[in-house]
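File shown here: data.pdb, holding PDB, N, CA and C atoms.
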```pdb
ATOM      1  N   MET A  24     147.699  83.899  69.691
ATOM      2  CA  MET A  24     146.258  83.902  69.735
ATOM      3  C   MET A  24     145.809  83.283  71.062
ATOM      4  N   LEU A  25     144.930  83.967  71.755
ATOM      5  CA  LEU A  25     144.387  83.461  73.010
ATOM      6  C   LEU A  25     143.444  82.305  72.721
ATOM      7  N   ILE A  26     143.697  81.167  73.370
ATOM      8  CA  ILE A  26     142.882  79.960  73.189
ATOM      9  C   ILE A  26     141.859  79.835  74.311
ATOM     10  N   SER A  27     142.314  79.979  75.554
ATOM     11  CA  SER A  27     141.418  79.836  76.699
ATOM     12  C   SER A  27     141.993  80.567  77.900
ATOM     13  N   GLU A  28     141.145  80.761  78.889
ATOM     14  CA  GLU A  28     141.548  81.482  80.094
ATOM     15  C   GLU A  28     140.945  80.772  81.305
ATOM     16  N   TYR A  29     141.721  80.656  82.368
ATOM     17  CA  TYR A  29     141.293  79.980  83.595
ATOM     18  C   TYR A  29     141.428  80.953  84.767
ATOM     19  N   HIS A  30     140.520  80.829  85.750
ATOM     20  CA  HIS A  30     140.526  81.682  86.943
ATOM     21  C   HIS A  30     140.342  80.823  88.179
ATOM     22  N   SER A  31     141.004  81.228  89.263
ATOM     23  CA  SER A  31     140.754  80.559  90.542
ATOM     24  C   SER A  31     139.374  80.983  91.044
ATOM     25  N   ASP A  32     138.820  80.206  91.961
ATOM     26  CA  ASP A  32     137.492  80.509  92.497
ATOM     27  C   ASP A  32     137.446  81.897  93.142
ATOM     28  N   ASP A  33     138.540  82.294  93.795
ATOM     29  CA  ASP A  33     138.559  83.605  94.452
ATOM     30  C   ASP A  33     139.050  84.724  93.523
ATOM     31  N   LYS A  34     139.298  84.379  92.261
ATOM     32  CA  LYS A  34     139.689  85.333  91.208
ATOM     33  C   LYS A  34     141.067  85.967  91.424
ATOM     34  N   THR A  35     141.893  85.399  92.322
ATOM     35  CA  THR A  35     143.231  85.966  92.526
ATOM     36  C   THR A  35     144.248  85.421  91.533
ATOM     37  N   LYS A  36     143.996  84.235  90.973
ATOM     38  CA  LYS A  36     144.916  83.631  90.011
ATOM     39  C   LYS A  36     144.232  83.514  88.656
ATOM     40  N   ARG A  37     145.025  83.778  87.613
ATOM     41  CA  ARG A  37     144.511  83.671  86.245
ATOM     42  C   ARG A  37     145.606  83.084  85.378
ATOM     43  N   ALA A  38     145.218  82.276  84.419
ATOM     44  CA  ALA A  38     146.165  81.702  83.469
ATOM     45  C   ALA A  38     145.557  81.786  82.070
ATOM     46  N   GLU A  39     146.348  82.248  81.121
ATOM     47  CA  GLU A  39     145.913  82.378  79.733
ATOM     48  C   GLU A  39     146.689  81.403  78.865
ATOM     49  N   VAL A  40     145.986  80.593  78.098
ATOM     50  CA  VAL A  40     146.609  79.657  77.166
ATOM     51  C   VAL A  40     146.613  80.314  75.785
ATOM     52  N   HIS A  41     147.795  80.384  75.187
ATOM     53  CA  HIS A  41     147.975  80.999  73.874
ATOM     54  C   HIS A  41     148.597  79.992  72.914
ATOM     55  N   LYS A  42     148.354  80.202  71.624
ATOM     56  CA  LYS A  42     149.041  79.436  70.588
ATOM     57  C   LYS A  42     149.772  80.425  69.695
ATOM     58  N   TYR A  43     151.074  80.168  69.493
ATOM     59  CA  TYR A  43     151.907  81.053  68.681
ATOM     60  C   TYR A  43     152.875  80.203  67.881
ATOM     61  N   GLU A  44     152.870  80.379  66.586
ATOM     62  CA  GLU A  44     153.755  79.638  65.680
ATOM     63  C   GLU A  44     153.685  78.131  65.916
ATOM     64  N   GLY A  45     152.479  77.628  66.142
ATOM     65  CA  GLY A  45     152.268  76.194  66.280
ATOM     66  C   GLY A  45     152.533  75.613  67.652
ATOM     67  N   ASN A  46     152.973  76.431  68.592
ATOM     68  CA  ASN A  46     153.242  75.955  69.945
ATOM     69  C   ASN A  46     152.344  76.667  70.949
ATOM     70  N   PHE A  47     152.126  76.012  72.074
ATOM     71  CA  PHE A  47     151.294  76.580  73.125
ATOM     72  C   PHE A  47     152.164  77.169  74.220
ATOM     73  N   HIS A  48     151.673  78.211  74.842
ATOM     74  CA  HIS A  48     152.314  78.750  76.037
ATOM     75  C   HIS A  48     151.234  79.276  76.968
ATOM     76  N   VAL A  49     151.598  79.383  78.242
ATOM     77  CA  VAL A  49     150.658  79.845  79.260
ATOM     78  C   VAL A  49     151.272  81.027  79.994
ATOM     79  N   ASP A  50     150.491  82.105  80.082
ATOM     80  CA  ASP A  50     150.864  83.271  80.887
ATOM     81  C   ASP A  50     150.158  83.144  82.229
ATOM     82  N   PHE A  51     150.923  83.272  83.311
ATOM     83  CA  PHE A  51     150.385  83.141  84.667
ATOM     84  C   PHE A  51     150.337  84.512  85.335
ATOM     85  N   PHE A  52     149.236  84.770  86.047
ATOM     86  CA  PHE A  52     149.023  86.044  86.745
ATOM     87  C   PHE A  52     148.540  85.761  88.155
ATOM     88  N   GLU A  53     148.903  86.661  89.077
ATOM     89  CA  GLU A  53     148.357  86.611  90.427
ATOM     90  C   GLU A  53     148.011  88.030  90.833
ATOM     91  N   ASN A  54     146.784  88.227  91.317
ATOM     92  CA  ASN A  54     146.269  89.563  91.636
ATOM     93  C   ASN A  54     146.487  90.525  90.469
ATOM     94  N   GLU A  55     146.231  90.034  89.272
ATOM     95  CA  GLU A  55     146.351  90.771  88.004
ATOM     96  C   GLU A  55     147.782  91.200  87.670
ATOM     97  N   GLU A  56     148.762  90.680  88.403
ATOM     98  CA  GLU A  56     150.168  90.958  88.117
ATOM     99  C   GLU A  56     150.760  89.769  87.363
ATOM    100  N   TYR A  57     151.429  90.070  86.235
ATOM    101  CA  TYR A  57     152.088  89.024  85.447
ATOM    102  C   TYR A  57     153.176  88.360  86.280
ATOM    103  N   ILE A  58     153.214  87.033  86.251
ATOM    104  CA  ILE A  58     154.204  86.271  87.013
ATOM    105  C   ILE A  58     155.213  85.600  86.085
ATOM    106  N   LEU A  59     154.727  84.854  85.075
ATOM    107  CA  LEU A  59     155.614  83.994  84.303
ATOM    108  C   LEU A  59     154.917  83.506  83.042
ATOM    109  N   THR A  60     155.704  83.252  81.998
ATOM    110  CA  THR A  60     155.213  82.554  80.813
ATOM    111  C   THR A  60     155.970  81.244  80.691
ATOM    112  N   GLU A  61     155.229  80.160  80.510
ATOM    113  CA  GLU A  61     155.849  78.865  80.224
ATOM    114  C   GLU A  61     155.494  78.477  78.801
ATOM    115  N   LYS A  62     156.509  78.052  78.043
ATOM    116  CA  LYS A  62     156.303  77.608  76.668
ATOM    117  C   LYS A  62     156.329  76.094  76.634
ATOM    118  N   TYR A  63     155.393  75.520  75.904
ATOM    119  CA  TYR A  63     155.266  74.067  75.813
ATOM    120  C   TYR A  63     155.480  73.643  74.360
ATOM    121  N   VAL A  64     156.724  73.648  73.941
ATOM    122  CA  VAL A  64     157.081  73.292  72.563
ATOM    123  C   VAL A  64     156.828  71.807  72.344
ATOM    124  N   GLY A  65     156.060  71.499  71.315
ATOM    125  CA  GLY A  65     155.764  70.114  70.983
ATOM    126  C   GLY A  65     154.701  69.460  71.841
ATOM    127  N   LYS A  66     154.110  70.203  72.763
ATOM    128  CA  LYS A  66     153.064  69.660  73.631
ATOM    129  C   LYS A  66     151.691  70.007  73.058
ATOM    130  N   SER A  67     150.680  69.319  73.517
ATOM    131  CA  SER A  67     149.321  69.502  73.016
ATOM    132  C   SER A  67     148.610  70.653  73.728
ATOM    133  N   GLN A  68     147.490  71.039  73.149
ATOM    134  CA  GLN A  68     146.651  72.061  73.767
ATOM    135  C   GLN A  68     146.165  71.583  75.133
ATOM    136  N   SER A  69     145.809  70.321  75.236
ATOM    137  CA  SER A  69     145.325  69.801  76.522
ATOM    138  C   SER A  69     146.419  69.835  77.588
ATOM    139  N   TRP A  70     147.671  69.664  77.188
ATOM    140  CA  TRP A  70     148.799  69.756  78.130
ATOM    141  C   TRP A  70     148.867  71.174  78.703
ATOM    142  N   ALA A  71     148.814  72.165  77.814
ATOM    143  CA  ALA A  71     148.885  73.565  78.240
ATOM    144  C   ALA A  71     147.685  73.937  79.102
ATOM    145  N   GLU A  72     146.509  73.473  78.722
ATOM    146  CA  GLU A  72     145.315  73.783  79.496
ATOM    147  C   GLU A  72     145.339  73.112  80.869
ATOM    148  N   ALA A  73     145.910  71.929  80.958
ATOM    149  CA  ALA A  73     146.044  71.265  82.262
ATOM    150  C   ALA A  73     146.965  72.072  83.174
ATOM    151  N   ALA A  74     148.059  72.591  82.621
ATOM    152  CA  ALA A  74     148.978  73.419  83.414
ATOM    153  C   ALA A  74     148.262  74.671  83.913
ATOM    154  N   ALA A  75     147.482  75.300  83.040
ATOM    155  CA  ALA A  75     146.741  76.502  83.413
ATOM    156  C   ALA A  75     145.729  76.197  84.511
ATOM    157  N   GLU A  76     144.969  75.139  84.333
ATOM    158  CA  GLU A  76     143.965  74.766  85.325
ATOM    159  C   GLU A  76     144.611  74.389  86.655
ATOM    160  N   ASN A  77     145.716  73.629  86.610
ATOM    161  CA  ASN A  77     146.407  73.238  87.841
ATOM    162  C   ASN A  77     146.905  74.457  88.615
ATOM    163  N   TYR A  78     147.371  75.470  87.898
ATOM    164  CA  TYR A  78     147.819  76.700  88.562
ATOM    165  C   TYR A  78     146.654  77.374  89.282
ATOM    166  N   THR A  79     145.540  77.529  88.600
ATOM    167  CA  THR A  79     144.407  78.232  89.222
ATOM    168  C   THR A  79     143.779  77.431  90.358
ATOM    169  N   MET A  80     144.006  76.114  90.377
ATOM    170  CA  MET A  80     143.492  75.270  91.463
ATOM    171  C   MET A  80     144.484  75.143  92.621
ATOM    172  N   GLY A  81     145.680  75.728  92.465
ATOM    173  CA  GLY A  81     146.679  75.680  93.529
ATOM    174  C   GLY A  81     147.563  74.453  93.504
ATOM    175  N   ILE A  82     147.445  73.626  92.478
ATOM    176  CA  ILE A  82     148.263  72.414  92.364
ATOM    177  C   ILE A  82     149.645  72.758  91.833
ATOM    178  N   LYS A  83     149.708  73.601  90.833
ATOM    179  CA  LYS A  83     150.971  74.052  90.238
ATOM    180  C   LYS A  83     151.305  75.411  90.853
ATOM    181  N   VAL A  84     152.533  75.573  91.315
ATOM    182  CA  VAL A  84     152.956  76.815  91.950
ATOM    183  C   VAL A  84     154.006  77.493  91.083
ATOM    184  N   VAL A  85     153.770  78.756  90.753
ATOM    185  CA  VAL A  85     154.763  79.598  90.077
ATOM    186  C   VAL A  85     154.877  80.885  90.865
ATOM    187  N   GLN A  86     156.093  81.435  90.918
ATOM    188  CA  GLN A  86     156.289  82.618  91.733
ATOM    189  C   GLN A  86     157.442  83.451  91.207
ATOM    190  N   ASN A  87     157.237  84.734  91.045
ATOM    191  CA  ASN A  87     158.274  85.691  90.673
ATOM    192  C   ASN A  87     159.143  85.204  89.524
ATOM    193  N   GLY A  88     158.510  84.725  88.461
ATOM    194  CA  GLY A  88     159.251  84.309  87.290
ATOM    195  C   GLY A  88     159.902  82.947  87.390
ATOM    196  N   LYS A  89     159.585  82.181  88.446
ATOM    197  CA  LYS A  89     160.194  80.849  88.621
ATOM    198  C   LYS A  89     159.125  79.829  88.943
ATOM    199  N   ARG A  90     159.316  78.636  88.404
ATOM    200  CA  ARG A  90     158.429  77.529  88.777
ATOM    201  C   ARG A  90     158.886  76.964  90.096
ATOM    202  N   ARG A  91     157.966  76.397  90.828
ATOM    203  CA  ARG A  91     158.319  75.698  92.067
ATOM    204  C   ARG A  91     157.715  74.329  92.047
TER     205      ARG A  91
END
```
This entry written out as structure tokens:
Amino acid sequence: MLISEYHSDDKTKRAEVHKYEGNFHVDFFENEEYILTEKYVGKSQSWAEAAAENYTMGIKVVQNGKRR
């Protein structure tokens, strides 16, 4: 289930926070292309949303299926 969605100011980065089977995960996109899903087992919704927001603000970097 989609919980929230974040976008960069220039709309090139997007992150979707989902909840599935009691855990949160974030799907990361750049220029509308899927990049990576990170699963946050045992973490809170605010943890997942912080990761999503940090990505769209350029603080968290993910690329080609890998975190950096």
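Between CA of Gly81 in chain A and CA of Thr35 in chain A there is a distance of 10.9 Å.
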Practice item. Tell me, as a PyMOL selection string, which residues lie within 6.5 Å of Asn46 in chain A, counting only N, CA and C atoms; anything in the same chain fewer than 6 positions away does not count. Key: chain A and resi 63-66
**Study point:** Selection under test: the PyMOL selection byres (((chain A and resi 75 and name CA) around 12) and name CA); residues as a PyMOL selection string
**Key:** chain A and resi 26-31+36-41+47-52+59-63+68-74+76-85
Emit the selected residues as a short mmCIF file (atom, residue, chain, number, x, y, z; two decimals), in the coordinates of the input, including N, CA and C atoms.
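Result file result.cif:
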```cif
data_model
loop_
_atom_site.label_atom_id
_atom_site.label_comp_id
_atom_site.auth_asym_id
_atom_site.auth_seq_id
_atom_site.Cartn_x
_atom_site.Cartn_y
_atom_site.Cartn_z
N ILE A 26 143.70 81.17 73.37
CA ILE A 26 142.88 79.96 73.19
C ILE A 26 141.86 79.83 74.31
N SER A 27 142.31 79.98 75.55
CA SER A 27 141.42 79.84 76.70
C SER A 27 141.99 80.57 77.90
N GLU A 28 141.15 80.76 78.89
CA GLU A 28 141.55 81.48 80.09
C GLU A 28 140.94 80.77 81.31
N TYR A 29 141.72 80.66 82.37
CA TYR A 29 141.29 79.98 83.60
C TYR A 29 141.43 80.95 84.77
N HIS A 30 140.52 80.83 85.75
CA HIS A 30 140.53 81.68 86.94
C HIS A 30 140.34 80.82 88.18
N SER A 31 141.00 81.23 89.26
CA SER A 31 140.75 80.56 90.54
C SER A 31 139.37 80.98 91.04
N LYS A 36 144.00 84.24 90.97
CA LYS A 36 144.92 83.63 90.01
C LYS A 36 144.23 83.51 88.66
N ARG A 37 145.02 83.78 87.61
CA ARG A 37 144.51 83.67 86.24
C ARG A 37 145.61 83.08 85.38
N ALA A 38 145.22 82.28 84.42
CA ALA A 38 146.16 81.70 83.47
C ALA A 38 145.56 81.79 82.07
N GLU A 39 146.35 82.25 81.12
CA GLU A 39 145.91 82.38 79.73
C GLU A 39 146.69 81.40 78.86
N VAL A 40 145.99 80.59 78.10
CA VAL A 40 146.61 79.66 77.17
C VAL A 40 146.61 80.31 75.78
N HIS A 41 147.79 80.38 75.19
CA HIS A 41 147.98 81.00 73.87
C HIS A 41 148.60 79.99 72.91
N PHE A 47 152.13 76.01 72.07
CA PHE A 47 151.29 76.58 73.12
C PHE A 47 152.16 77.17 74.22
N HIS A 48 151.67 78.21 74.84
CA HIS A 48 152.31 78.75 76.04
C HIS A 48 151.23 79.28 76.97
N VAL A 49 151.60 79.38 78.24
CA VAL A 49 150.66 79.84 79.26
C VAL A 49 151.27 81.03 79.99
N ASP A 50 150.49 82.10 80.08
CA ASP A 50 150.86 83.27 80.89
C ASP A 50 150.16 83.14 82.23
N PHE A 51 150.92 83.27 83.31
CA PHE A 51 150.38 83.14 84.67
C PHE A 51 150.34 84.51 85.34
N PHE A 52 149.24 84.77 86.05
CA PHE A 52 149.02 86.04 86.74
C PHE A 52 148.54 85.76 88.16
N LEU A 59 154.73 84.85 85.08
CA LEU A 59 155.61 83.99 84.30
C LEU A 59 154.92 83.51 83.04
N THR A 60 155.70 83.25 82.00
CA THR A 60 155.21 82.55 80.81
C THR A 60 155.97 81.24 80.69
N GLU A 61 155.23 80.16 80.51
CA GLU A 61 155.85 78.86 80.22
C GLU A 61 155.49 78.48 78.80
N LYS A 62 156.51 78.05 78.04
CA LYS A 62 156.30 77.61 76.67
C LYS A 62 156.33 76.09 76.63
N TYR A 63 155.39 75.52 75.90
CA TYR A 63 155.27 74.07 75.81
C TYR A 63 155.48 73.64 74.36
N GLN A 68 147.49 71.04 73.15
CA GLN A 68 146.65 72.06 73.77
C GLN A 68 146.16 71.58 75.13
N SER A 69 145.81 70.32 75.24
CA SER A 69 145.32 69.80 76.52
C SER A 69 146.42 69.83 77.59
N TRP A 70 147.67 69.66 77.19
CA TRP A 70 148.80 69.76 78.13
C TRP A 70 148.87 71.17 78.70
N ALA A 71 148.81 72.17 77.81
CA ALA A 71 148.88 73.56 78.24
C ALA A 71 147.68 73.94 79.10
N GLU A 72 146.51 73.47 78.72
CA GLU A 72 145.32 73.78 79.50
C GLU A 72 145.34 73.11 80.87
N ALA A 73 145.91 71.93 80.96
CA ALA A 73 146.04 71.26 82.26
C ALA A 73 146.96 72.07 83.17
N ALA A 74 148.06 72.59 82.62
CA ALA A 74 148.98 73.42 83.41
C ALA A 74 148.26 74.67 83.91
N GLU A 76 144.97 75.14 84.33
CA GLU A 76 143.96 74.77 85.32
C GLU A 76 144.61 74.39 86.66
N ASN A 77 145.72 73.63 86.61
CA ASN A 77 146.41 73.24 87.84
C ASN A 77 146.90 74.46 88.62
N TYR A 78 147.37 75.47 87.90
CA TYR A 78 147.82 76.70 88.56
C TYR A 78 146.65 77.37 89.28
N THR A 79 145.54 77.53 88.60
CA THR A 79 144.41 78.23 89.22
C THR A 79 143.78 77.43 90.36
N MET A 80 144.01 76.11 90.38
CA MET A 80 143.49 75.27 91.46
C MET A 80 144.48 75.14 92.62
N GLY A 81 145.68 75.73 92.46
CA GLY A 81 146.68 75.68 93.53
C GLY A 81 147.56 74.45 93.50
N ILE A 82 147.44 73.63 92.48
CA ILE A 82 148.26 72.41 92.36
C ILE A 82 149.65 72.76 91.83
N LYS A 83 149.71 73.60 90.83
CA LYS A 83 150.97 74.05 90.24
C LYS A 83 151.30 75.41 90.85
N VAL A 84 152.53 75.57 91.32
CA VAL A 84 152.96 76.82 91.95
C VAL A 84 154.01 77.49 91.08
N VAL A 85 153.77 78.76 90.75
CA VAL A 85 154.76 79.60 90.08
C VAL A 85 154.88 80.89 90.86
#
```
Practice item. Using DSSP on the backbone, list every residue of range 56-91 of chain A that comes out as strand (DSSP E), and give them as a PyMOL selection string. Key: chain A and resi 56-63+85-86+89-90
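Reported to one decimal place, the separation of atom N of Glu53 in chain A from atom N of Leu25 in chain A is 18.0 Å.
One distance worth recording is that between CA of Asn87 in chain A and CA of Asp32 in chain A, which is 21.5 Å.
For chain A, backbone-based DSSP labels the following residues as alpha helix (DSSP H): A:Gln68, A:Ser69, A:Trp70, A:Ala71, A:Glu72, A:Ala73, A:Ala74, A:Ala75, A:Glu76, A:Asn77, A:Tyr78, A:Thr79.
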Range 72-91 of chain A: axis-aligned bounding box, 3 Å on each side, centre and edge lengths in Å, one decimal, as JSON:
```
{"center_x": 151.8, "center_y": 78.5, "center_z": 86.1, "size_x": 22.7, "size_y": 20.4, "size_z": 20.8}
```
